[in-house]
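Novice: Quick one: structure below, then a few questions.
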Amino acid sequence: MQKKENNYAFIDSQNLNLSIRELGWKLDFARFRVYLKEKYGVSMAYLVIGYIKGNTSLYKYLQESGFICVFKPTLEYKDGTTKGNCDAELVLQAMIDYKNYDKAVIVTGDGDFNCLVNYLIEKEKLKVLLIPNRFKFSALLKFKNIKSFLAYMNDLKEKLALRALKKKRPYKDGTL
């Protein structure tokens, strides 16, 4: 009998979300969580995300979908933009849990994670580096030692895209 994998995912939510939207679709996070479990044996999935007051329903949805949200405080600038760099939190979480998982699934296209990816490869702890957009990701993640660990989300639209809810049309008498 084959041992069940105990892999953890560490997800750069900003990079994931923006990259997928740039491809012209929205990610269904609930379906994505199932995908991570079935495809990569992910038992725990950390989603590192900037905390913005008023997004409570989003955070609740993500947690109900099976993600453990790691919140980073954000700064709101005078021009209305919000910034919350979550890179350190993702790396820290991966190292806090290092002894608890068999392999790590890193979801990002951000080259700032090159050091983490290289360390996990060196220690034989990287399952896959899942890149949200194969056409736009850091050259720091394209080195020869990393290439065999790369997988891309571009072709997953059919499986993972958020589908618009079809509104039920009322019957002729006006009832649903």
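The way I read the labels, and the way they are meant: chains A, B, ... in the order of the structure tokens, residue 1 as the first residue of every chain, and ligand 1 as the first ligand shown, with later ones counted on from there.
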DSSP on the backbone, strand (DSSP E or B) only: what residues of chain A does that give? Format it as a PyMOL selection string.

Specialist: chain A and resi 7-12+27+42-51+68-73+75-76+82-83+104-107+126-131+150-152+161

Novice: Quick one: residues within 8 Å of Phe67 in chain A, only C-alpha atoms, excluding same-chain residues fewer than 2 positions away - as a ChimeraX atom specification?

Specialist: /A:33,44-47,62-65,69

Novice: Generate the output file for the selected residues, N, CA and C atoms, as a PDB file, in the first residue's frame.

Specialist:
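Result file out_22.pdb:
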```pdb
ATOM      1  N   ARG A  33      -8.481  24.468  -4.393  1.00  0.00           N
ATOM      2  CA  ARG A  33      -8.076  23.716  -3.201  1.00  0.00           C
ATOM      3  C   ARG A  33      -8.231  22.210  -3.428  1.00  0.00           C
ATOM      4  N   MET A  44      -2.404  20.593   3.676  1.00  0.00           N
ATOM      5  CA  MET A  44      -2.523  21.936   4.265  1.00  0.00           C
ATOM      6  C   MET A  44      -2.151  22.945   3.189  1.00  0.00           C
ATOM      7  N   ALA A  45      -2.986  23.970   3.050  1.00  0.00           N
ATOM      8  CA  ALA A  45      -2.722  24.995   2.038  1.00  0.00           C
ATOM      9  C   ALA A  45      -2.758  26.370   2.684  1.00  0.00           C
ATOM     10  N   TYR A  46      -1.600  27.000   2.750  1.00  0.00           N
ATOM     11  CA  TYR A  46      -1.489  28.339   3.305  1.00  0.00           C
ATOM     12  C   TYR A  46      -1.620  29.357   2.177  1.00  0.00           C
ATOM     13  N   LEU A  47      -2.497  30.299   2.372  1.00  0.00           N
ATOM     14  CA  LEU A  47      -2.700  31.383   1.427  1.00  0.00           C
ATOM     15  C   LEU A  47      -2.243  32.662   2.113  1.00  0.00           C
ATOM     16  N   LEU A  62     -12.466  31.999   1.547  1.00  0.00           N
ATOM     17  CA  LEU A  62     -11.189  31.316   1.369  1.00  0.00           C
ATOM     18  C   LEU A  62     -10.982  30.251   2.449  1.00  0.00           C
ATOM     19  N   GLN A  63     -11.316  30.595   3.691  1.00  0.00           N
ATOM     20  CA  GLN A  63     -11.161  29.641   4.786  1.00  0.00           C
ATOM     21  C   GLN A  63     -12.149  28.488   4.652  1.00  0.00           C
ATOM     22  N   GLU A  64     -13.375  28.779   4.249  1.00  0.00           N
ATOM     23  CA  GLU A  64     -14.366  27.716   4.036  1.00  0.00           C
ATOM     24  C   GLU A  64     -13.972  26.811   2.870  1.00  0.00           C
ATOM     25  N   SER A  65     -13.179  27.344   1.947  1.00  0.00           N
ATOM     26  CA  SER A  65     -12.706  26.562   0.802  1.00  0.00           C
ATOM     27  C   SER A  65     -11.534  25.657   1.179  1.00  0.00           C
ATOM     28  N   CYS A  69      -5.481  31.076   5.967  1.00  0.00           N
ATOM     29  CA  CYS A  69      -5.042  32.418   5.577  1.00  0.00           C
ATOM     30  C   CYS A  69      -3.988  32.924   6.539  1.00  0.00           C
TER      31      CYS A  69
END
```

Novice: Which polymer residues have any atom within 9 Å of an atom of range 116-127 of chain A, counting only C-alpha atoms, with same-chain residues fewer than 5 positions away left out, as a list in words?

Specialist: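 The filter keeps Asn7, Tyr40, Val91, Ala94, Tyr98, Tyr101, Asp102, Lys103, Ala104, Val105, Ile106, Leu141, Asn145, Ile146 and Phe149 of chain A.
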
Novice: Would you save the residues of that selection, restricted to C-alpha atoms, as an mmCIF file, in the first residue's frame?

Specialist:
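Final output, again16.cif:
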```
data_model
loop_
_atom_site.group_PDB
_atom_site.id
_atom_site.type_symbol
_atom_site.label_atom_id
_atom_site.label_comp_id
_atom_site.auth_asym_id
_atom_site.auth_seq_id
_atom_site.Cartn_x
_atom_site.Cartn_y
_atom_site.Cartn_z
ATOM 1 C CA ASN A 7 2.393 17.939 1.218
ATOM 2 C CA TYR A 40 -0.263 17.180 -5.473
ATOM 3 C CA VAL A 91 8.976 31.977 3.467
ATOM 4 C CA ALA A 94 7.308 27.309 4.882
ATOM 5 C CA TYR A 98 9.342 22.449 7.407
ATOM 6 C CA TYR A 101 5.347 18.202 5.495
ATOM 7 C CA ASP A 102 6.859 15.720 3.060
ATOM 8 C CA LYS A 103 7.142 18.192 0.192
ATOM 9 C CA ALA A 104 6.177 21.789 -0.516
ATOM 10 C CA VAL A 105 4.051 23.104 -3.343
ATOM 11 C CA ILE A 106 4.941 26.751 -3.949
ATOM 12 C CA LEU A 141 12.670 30.897 -11.527
ATOM 13 C CA ASN A 145 17.997 23.314 -11.490
ATOM 14 C CA ILE A 146 14.392 24.574 -11.131
ATOM 15 C CA PHE A 149 9.882 21.379 -10.885
#
```

Novice: Using Å and a single decimal, report how far CA of Asn17 in chain A sits from CA of Glu89 in chain A.

Specialist: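 Here the two named atoms are 17.3 Å from each other.
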
Novice: Could you write out, as a VMD selection string, all the residues of range 29-146 of chain A that DSSP marks as alpha helix (DSSP H)?

Specialist: chain A and resid 29 to 40 56 to 64 87 to 96 114 to 122 144 to 146

Novice: Could you write those residues out with N, CA and C atoms, as a CSV table (one decimal), in the first residue's frame?

Specialist:
```
chain,number,residue,atom,x,y,z
A,29,PHE,N,-11.4,29.5,-6.1
A,29,PHE,CA,-10.5,29.0,-5.0
A,29,PHE,C,-10.9,27.7,-4.4
A,30,ALA,N,-12.2,27.5,-4.3
A,30,ALA,CA,-12.7,26.2,-3.8
A,30,ALA,C,-12.2,25.0,-4.7
A,31,ARG,N,-12.4,25.2,-6.0
A,31,ARG,CA,-12.0,24.2,-6.9
A,31,ARG,C,-10.5,24.0,-6.9
A,32,PHE,N,-9.8,25.2,-6.8
A,32,PHE,CA,-8.3,25.1,-6.7
A,32,PHE,C,-7.8,24.3,-5.5
A,33,ARG,N,-8.5,24.5,-4.4
A,33,ARG,CA,-8.1,23.7,-3.2
A,33,ARG,C,-8.2,22.2,-3.4
A,34,VAL,N,-9.3,21.8,-4.1
A,34,VAL,CA,-9.5,20.4,-4.4
A,34,VAL,C,-8.4,19.9,-5.4
A,35,TYR,N,-8.1,20.7,-6.3
A,35,TYR,CA,-7.1,20.4,-7.3
A,35,TYR,C,-5.8,20.2,-6.6
A,36,LEU,N,-5.4,21.1,-5.7
A,36,LEU,CA,-4.1,20.9,-5.0
A,36,LEU,C,-4.1,19.6,-4.2
A,37,LYS,N,-5.2,19.2,-3.6
A,37,LYS,CA,-5.3,18.0,-2.8
A,37,LYS,C,-5.1,16.8,-3.8
A,38,GLU,N,-5.9,16.8,-4.8
A,38,GLU,CA,-5.9,15.6,-5.7
A,38,GLU,C,-4.7,15.5,-6.6
A,39,LYS,N,-4.2,16.6,-7.1
A,39,LYS,CA,-3.0,16.5,-8.0
A,39,LYS,C,-1.7,16.4,-7.3
A,40,TYR,N,-1.6,17.1,-6.1
A,40,TYR,CA,-0.3,17.2,-5.5
A,40,TYR,C,-0.3,16.7,-4.0
A,56,THR,N,-14.0,40.8,4.8
A,56,THR,CA,-14.3,39.7,5.7
A,56,THR,C,-14.9,38.6,4.9
A,57,SER,N,-15.9,38.9,4.0
A,57,SER,CA,-16.6,37.8,3.3
A,57,SER,C,-15.6,37.0,2.4
A,58,LEU,N,-14.6,37.7,1.8
A,58,LEU,CA,-13.6,37.1,1.0
A,58,LEU,C,-12.8,36.1,1.9
A,59,TYR,N,-12.3,36.6,3.0
A,59,TYR,CA,-11.5,35.8,3.9
A,59,TYR,C,-12.3,34.5,4.4
A,60,LYS,N,-13.6,34.7,4.7
A,60,LYS,CA,-14.4,33.6,5.1
A,60,LYS,C,-14.5,32.6,4.0
A,61,TYR,N,-14.8,33.1,2.8
A,61,TYR,CA,-14.9,32.1,1.7
A,61,TYR,C,-13.6,31.3,1.5
A,62,LEU,N,-12.5,32.0,1.5
A,62,LEU,CA,-11.2,31.3,1.4
A,62,LEU,C,-11.0,30.3,2.4
A,63,GLN,N,-11.3,30.6,3.7
A,63,GLN,CA,-11.2,29.6,4.8
A,63,GLN,C,-12.1,28.5,4.7
A,64,GLU,N,-13.4,28.8,4.2
A,64,GLU,CA,-14.4,27.7,4.0
A,64,GLU,C,-14.0,26.8,2.9
A,87,ASP,N,5.9,38.4,1.0
A,87,ASP,CA,7.0,37.4,0.7
A,87,ASP,C,7.6,36.8,2.0
A,88,ALA,N,7.9,37.6,2.9
A,88,ALA,CA,8.6,37.1,4.1
A,88,ALA,C,7.6,36.2,4.9
A,89,GLU,N,6.3,36.5,4.9
A,89,GLU,CA,5.4,35.6,5.6
A,89,GLU,C,5.3,34.2,5.0
A,90,LEU,N,5.4,34.2,3.6
A,90,LEU,CA,5.3,32.9,3.0
A,90,LEU,C,6.6,32.1,3.3
A,91,VAL,N,7.7,32.7,3.2
A,91,VAL,CA,9.0,32.0,3.5
A,91,VAL,C,9.0,31.5,4.9
A,92,LEU,N,8.6,32.4,5.8
A,92,LEU,CA,8.6,32.1,7.2
A,92,LEU,C,7.7,30.9,7.5
A,93,GLN,N,6.5,30.9,6.9
A,93,GLN,CA,5.5,29.8,7.2
A,93,GLN,C,6.1,28.5,6.6
A,94,ALA,N,6.7,28.5,5.5
A,94,ALA,CA,7.3,27.3,4.9
A,94,ALA,C,8.4,26.7,5.8
A,95,MET,N,9.1,27.6,6.5
A,95,MET,CA,10.2,27.1,7.4
A,95,MET,C,9.6,26.7,8.7
A,96,ILE,N,8.6,27.4,9.2
A,96,ILE,CA,8.0,27.0,10.5
A,96,ILE,C,7.5,25.6,10.4
A,114,ASN,N,13.1,32.7,-5.1
A,114,ASN,CA,14.2,31.9,-5.6
A,114,ASN,C,15.0,31.2,-4.5
A,115,CYS,N,15.3,31.9,-3.5
A,115,CYS,CA,16.1,31.4,-2.4
A,115,CYS,C,15.4,30.2,-1.7
A,116,LEU,N,14.1,30.4,-1.4
A,116,LEU,CA,13.3,29.3,-0.8
A,116,LEU,C,13.2,28.1,-1.7
A,117,VAL,N,12.9,28.3,-3.0
A,117,VAL,CA,12.8,27.2,-4.0
A,117,VAL,C,14.1,26.5,-4.0
A,118,ASN,N,15.2,27.2,-4.1
A,118,ASN,CA,16.5,26.5,-4.2
A,118,ASN,C,16.8,25.7,-2.9
A,119,TYR,N,16.5,26.3,-1.8
A,119,TYR,CA,16.7,25.6,-0.5
A,119,TYR,C,15.9,24.3,-0.5
A,120,LEU,N,14.6,24.4,-0.9
A,120,LEU,CA,13.7,23.2,-0.9
A,120,LEU,C,14.2,22.1,-1.8
A,121,ILE,N,14.7,22.5,-3.0
A,121,ILE,CA,15.3,21.6,-4.0
A,121,ILE,C,16.5,20.9,-3.4
A,122,GLU,N,17.4,21.7,-2.8
A,122,GLU,CA,18.6,21.1,-2.2
A,122,GLU,C,18.3,20.1,-1.1
A,144,LYS,N,18.2,26.2,-14.6
A,144,LYS,CA,18.2,24.8,-15.0
A,144,LYS,C,17.8,23.9,-13.8
A,145,ASN,N,18.3,24.2,-12.6
A,145,ASN,CA,18.0,23.3,-11.5
A,145,ASN,C,16.5,23.4,-11.1
A,146,ILE,N,15.8,24.4,-11.5
A,146,ILE,CA,14.4,24.6,-11.1
A,146,ILE,C,13.4,24.0,-12.2
```
